[in-house]
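Shown next, in structure tokens, is the structure this report addresses.
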Amino acid sequence: MGLTTENGSTAAGKEASGLKFLIYGRTGWIGGLLGGLCTERGIPFVYGDGRLENRAQLEADIAAASPTHVFNAAGVTGRPNVDWCETHRVETIRANVVGTLTLADVCRERGLILVNYATGCIFEYDGAHPLDSGVGFKEEDTPNFVGSFYSKTKAMVEELLKNYENVCTLRVRMPISSDLLNPRNFITKITRYEKVVNIPNSMTILDELLPISIEMAKRNLTGIWNFTNPGVVSHNEILEMYREYIDPKFTWKNFNLEEQAKVIVAPRSNNELDTTKLKGEFPELLPIKESLIKYVFEPNKKTSMA
């Protein structure tokens, strides 16, 4: 299997930066954004063509690319949402468990760090971490949310990956980007829903955090990281910002968890993640509401009032 080179990965380029990334998830949202960031920064990279569960294909990709780091932004989240995983369990296991573990194992054999974009949707508010308490789940906490099959597989693979000292696990949550037309964007999703629940959650502003993941690779950081902006933001707070910055006529309706449960197959995770560890490594990391304004709403602000 050949590899797809996305930019000038010449020997000179590799020498200049000392880096070369092999990225899985070419057709995915995060994988595409990551390739764009590498292109902007002049970091040589290629997208892997192998299927994650096919060890021989991964070995061929790595042999052809000779990367310094491997990024995994592939996997199954389900279309149109995680309810898909409830009825496609084997496909979900193959991609999210077998595939991720195979990639981690192949990377370990070759002494390569794997930066794995995982999920923080493996926790839910509980007695020790109550809603609105400001007490977040830490990296070492045991996942307590098993409401969806998707989250179950993600919790399983995270537990197994703890044994791989070469893996950097990034717990992404409800990802948001400045591209308000992207259907995967959490903001885009909730502006299109007929009704939304209103619960504070930890979320990941990709425009701020994806560049940090590249920096983490450069620093050869490993282990589990809560990969969200500090603090929480509720659905209504986001929609209020959307109305203020984007569409003054925008309206929405709320419903409660019991009403939501009637229209979804699997329950959804709601939680706050503790970002002390990430903030310690990257002190410049903005709180969620500030990051939303700086990276998402200000750049998209409608200036028609002028």
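Here's how to read the names in the structure tokens: chain A, B, ... by the order shown, residue numbers from 1 in each chain, ligand numbers from 1 in the order shown.
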
- Query: If you count only C-alpha atoms, which residues fall within 8 Å of A:Thr228, apart from same-chain ones fewer than 4 positions away, as JSON, numbers by chain?
  - Reply: {"A": [171, 172, 173, 202, 203, 204, 205, 209, 273, 275]}

Restrict the selected residues to N, CA, C and O atoms and save them as a PDB file, in the first residue's frame.
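Okay, again_14.pdb is ready:
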```
ATOM      1  N   ARG A 171      -8.048  13.131  25.864  1.00  0.00           N
ATOM      2  CA  ARG A 171      -9.503  13.010  26.043  1.00  0.00           C
ATOM      3  C   ARG A 171     -10.211  14.257  25.516  1.00  0.00           C
ATOM      4  O   ARG A 171     -10.305  15.267  26.198  1.00  0.00           O
ATOM      5  N   VAL A 172     -10.702  14.159  24.292  1.00  0.00           N
ATOM      6  CA  VAL A 172     -11.434  15.250  23.637  1.00  0.00           C
ATOM      7  C   VAL A 172     -12.901  15.172  24.048  1.00  0.00           C
ATOM      8  O   VAL A 172     -13.440  14.081  24.236  1.00  0.00           O
ATOM      9  N   ARG A 173     -13.565  16.346  24.178  1.00  0.00           N
ATOM     10  CA  ARG A 173     -14.996  16.342  24.497  1.00  0.00           C
ATOM     11  C   ARG A 173     -15.758  17.384  23.691  1.00  0.00           C
ATOM     12  O   ARG A 173     -15.357  18.532  23.648  1.00  0.00           O
ATOM     13  N   SER A 202     -17.554  20.104  29.981  1.00  0.00           N
ATOM     14  CA  SER A 202     -16.218  20.413  29.466  1.00  0.00           C
ATOM     15  C   SER A 202     -16.225  20.201  27.965  1.00  0.00           C
ATOM     16  O   SER A 202     -16.828  19.247  27.473  1.00  0.00           O
ATOM     17  N   MET A 203     -15.558  21.079  27.232  1.00  0.00           N
ATOM     18  CA  MET A 203     -15.519  20.988  25.774  1.00  0.00           C
ATOM     19  C   MET A 203     -14.115  21.331  25.259  1.00  0.00           C
ATOM     20  O   MET A 203     -13.317  21.919  25.971  1.00  0.00           O
ATOM     21  N   THR A 204     -13.879  20.941  24.000  1.00  0.00           N
ATOM     22  CA  THR A 204     -12.560  21.109  23.379  1.00  0.00           C
ATOM     23  C   THR A 204     -12.656  22.082  22.213  1.00  0.00           C
ATOM     24  O   THR A 204     -13.341  21.809  21.231  1.00  0.00           O
ATOM     25  N   ILE A 205     -11.978  23.225  22.315  1.00  0.00           N
ATOM     26  CA  ILE A 205     -11.911  24.169  21.201  1.00  0.00           C
ATOM     27  C   ILE A 205     -10.721  23.759  20.332  1.00  0.00           C
ATOM     28  O   ILE A 205      -9.558  23.979  20.688  1.00  0.00           O
ATOM     29  N   LEU A 209      -6.634  23.866  20.796  1.00  0.00           N
ATOM     30  CA  LEU A 209      -6.027  22.659  21.352  1.00  0.00           C
ATOM     31  C   LEU A 209      -5.290  21.779  20.336  1.00  0.00           C
ATOM     32  O   LEU A 209      -4.307  21.124  20.698  1.00  0.00           O
ATOM     33  N   LEU A 273     -14.218  17.815  33.226  1.00  0.00           N
ATOM     34  CA  LEU A 273     -12.894  17.216  33.357  1.00  0.00           C
ATOM     35  C   LEU A 273     -11.945  18.221  34.002  1.00  0.00           C
ATOM     36  O   LEU A 273     -11.988  19.411  33.683  1.00  0.00           O
ATOM     37  N   THR A 275      -8.598  20.051  34.350  1.00  0.00           N
ATOM     38  CA  THR A 275      -7.531  20.344  33.378  1.00  0.00           C
ATOM     39  C   THR A 275      -6.237  20.844  34.039  1.00  0.00           C
ATOM     40  O   THR A 275      -5.398  21.444  33.375  1.00  0.00           O
TER      41      THR A 275
END
```

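By chain and then residue number, the residues within 6 Å of stretch 192-201 of chain A are Lys189, Ile190, Val232, Val233, Ser234, His235, Asn236, Lys253, Asn254, Phe255, Asn256, Asn270, Asn271 and Glu272 of chain A, counting only C-alpha atoms and disregarding those fewer than 2 positions away in sequence.
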
- Task: Mind the document's chain letters and residue numbers, and return as number ranges by chain the residues of stretch 119-267 of chain A that DSSP labels alpha helix (DSSP H).
- Result: A: 149-161, 186-192, 206-218, 235-245, 257-261

- Interatomic distance, atom CA of A:Asp126 to atom CA of A:Glu139 (Å, one decimal): 16.1 Å

- Query: Contacts of A:Asn72 at 7 Å or less, counting only C-alpha atoms, minus same-chain residues fewer than 6 places along, as a PyMOL selection string?
  - Reply: chain A and resi 23-25+115-117

Output N, CA, C and O atoms of each residue in that selection to a file, as a tab-separated table (two decimals), in the first residue's frame.
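What follows is the written file part_7.tsv:
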```tsv
chain	number	residue	atom	x	y	z
A	23	ILE	N	-0.16	10.35	9.97
A	23	ILE	CA	-1.48	10.64	10.53
A	23	ILE	C	-2.52	9.66	9.99
A	23	ILE	O	-2.61	9.43	8.78
A	24	TYR	N	-3.29	9.09	10.90
A	24	TYR	CA	-4.43	8.26	10.50
A	24	TYR	C	-5.72	9.04	10.73
A	24	TYR	O	-5.87	9.69	11.76
A	25	GLY	N	-6.62	8.96	9.75
A	25	GLY	CA	-7.88	9.70	9.85
A	25	GLY	C	-7.99	10.79	8.81
A	25	GLY	O	-8.54	11.85	9.05
A	115	VAL	N	0.22	9.61	19.36
A	115	VAL	CA	-0.71	10.59	19.93
A	115	VAL	C	-2.11	10.16	19.51
A	115	VAL	O	-2.44	10.15	18.33
A	116	ASN	N	-2.91	9.75	20.49
A	116	ASN	CA	-4.22	9.16	20.21
A	116	ASN	C	-5.34	10.10	20.67
A	116	ASN	O	-5.45	10.40	21.86
A	117	TYR	N	-6.13	10.59	19.70
A	117	TYR	CA	-7.27	11.44	20.05
A	117	TYR	C	-8.40	10.53	20.54
A	117	TYR	O	-9.01	9.81	19.75
```

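Minimum distance to A:Phe145 across A:Val157, A:Cys121, A:Ile43, A:Leu206 (counting only C-alpha atoms) occurs at A:Cys121.
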
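Distances here use only C-alpha atoms; by that measure, the residue among A:Val97, A:Ala64, A:Cys107, A:Ile30 closest to A:Asp207 is A:Ile30.
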
Non-local contacts of A:Asn96 (8 Å; only C-alpha atoms; under 2 positions in same chain excluded) as a tab-separated table (two decimals) with all heavy atoms, in the first residue's frame:
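Okay, this is what ended up in result.tsv:
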```
chain	number	residue	atom	x	y	z
A	75	GLY	N	-11.13	6.15	13.63
A	75	GLY	CA	-12.02	5.47	14.56
A	75	GLY	C	-13.46	5.73	14.19
A	75	GLY	O	-13.76	6.49	13.28
A	76	VAL	N	-14.36	5.09	14.92
A	76	VAL	CA	-15.78	5.16	14.61
A	76	VAL	C	-16.50	5.96	15.69
A	76	VAL	O	-16.38	5.66	16.87
A	76	VAL	CB	-16.36	3.74	14.54
A	76	VAL	CG1	-17.88	3.76	14.54
A	76	VAL	CG2	-15.86	3.03	13.29
A	92	THR	N	-17.71	-1.32	15.54
A	92	THR	CA	-17.21	-0.35	16.52
A	92	THR	C	-16.01	-0.91	17.27
A	92	THR	O	-15.01	-0.21	17.46
A	92	THR	CB	-18.34	0.03	17.51
A	92	THR	OG1	-19.46	0.53	16.76
A	92	THR	CG2	-17.89	1.11	18.48
A	93	ILE	N	-16.09	-2.18	17.67
A	93	ILE	CA	-14.95	-2.82	18.36
A	93	ILE	C	-13.74	-2.89	17.43
A	93	ILE	O	-12.61	-2.59	17.83
A	93	ILE	CB	-15.34	-4.24	18.84
A	93	ILE	CG1	-16.37	-4.16	19.97
A	93	ILE	CG2	-14.10	-5.01	19.32
A	93	ILE	CD1	-17.00	-5.50	20.33
A	94	ARG	N	-13.99	-3.26	16.18
A	94	ARG	CA	-12.88	-3.43	15.24
A	94	ARG	C	-12.11	-2.12	15.08
A	94	ARG	O	-10.87	-2.11	15.12
A	94	ARG	CB	-13.43	-3.89	13.88
A	94	ARG	CG	-12.35	-4.36	12.91
A	94	ARG	CD	-12.96	-4.82	11.60
A	94	ARG	NE	-13.78	-5.99	11.78
A	94	ARG	CZ	-14.99	-6.17	11.22
A	94	ARG	NH1	-15.51	-5.23	10.46
A	94	ARG	NH2	-15.65	-7.28	11.42
A	98	VAL	N	-9.74	-2.92	18.57
A	98	VAL	CA	-8.72	-3.71	17.87
A	98	VAL	C	-7.77	-2.80	17.09
A	98	VAL	O	-6.54	-2.92	17.18
A	98	VAL	CB	-9.38	-4.74	16.92
A	98	VAL	CG1	-8.31	-5.54	16.18
A	98	VAL	CG2	-10.30	-5.67	17.69
A	99	GLY	N	-8.35	-1.85	16.34
A	99	GLY	CA	-7.53	-0.98	15.51
A	99	GLY	C	-6.59	-0.11	16.31
A	99	GLY	O	-5.39	-0.03	16.02
A	100	THR	N	-7.12	0.53	17.35
A	100	THR	CA	-6.28	1.44	18.16
A	100	THR	C	-5.17	0.67	18.87
A	100	THR	O	-4.02	1.11	18.92
A	100	THR	CB	-7.16	2.19	19.18
A	100	THR	OG1	-8.21	2.85	18.47
A	100	THR	CG2	-6.36	3.23	19.93
A	153	THR	N	-16.61	1.14	24.64
A	153	THR	CA	-15.41	0.71	23.91
A	153	THR	C	-14.26	1.68	24.16
A	153	THR	O	-13.10	1.27	24.27
A	153	THR	CB	-15.66	0.60	22.38
A	153	THR	OG1	-15.98	1.89	21.84
A	153	THR	CG2	-16.77	-0.37	22.07
A	154	LYS	N	-14.58	2.96	24.25
A	154	LYS	CA	-13.53	3.96	24.48
A	154	LYS	C	-12.91	3.81	25.87
A	154	LYS	O	-11.70	3.99	26.04
A	154	LYS	CB	-14.10	5.37	24.29
A	154	LYS	CG	-14.43	5.70	22.84
A	154	LYS	CD	-13.17	5.79	22.00
A	154	LYS	CE	-13.40	6.50	20.69
A	154	LYS	NZ	-12.15	6.72	19.95
A	157	VAL	N	-10.60	0.64	25.79
A	157	VAL	CA	-9.31	0.83	25.11
A	157	VAL	C	-8.41	1.77	25.90
A	157	VAL	O	-7.19	1.58	25.94
A	157	VAL	CB	-9.52	1.28	23.64
A	157	VAL	CG1	-9.77	2.77	23.52
A	157	VAL	CG2	-8.32	0.91	22.79
```
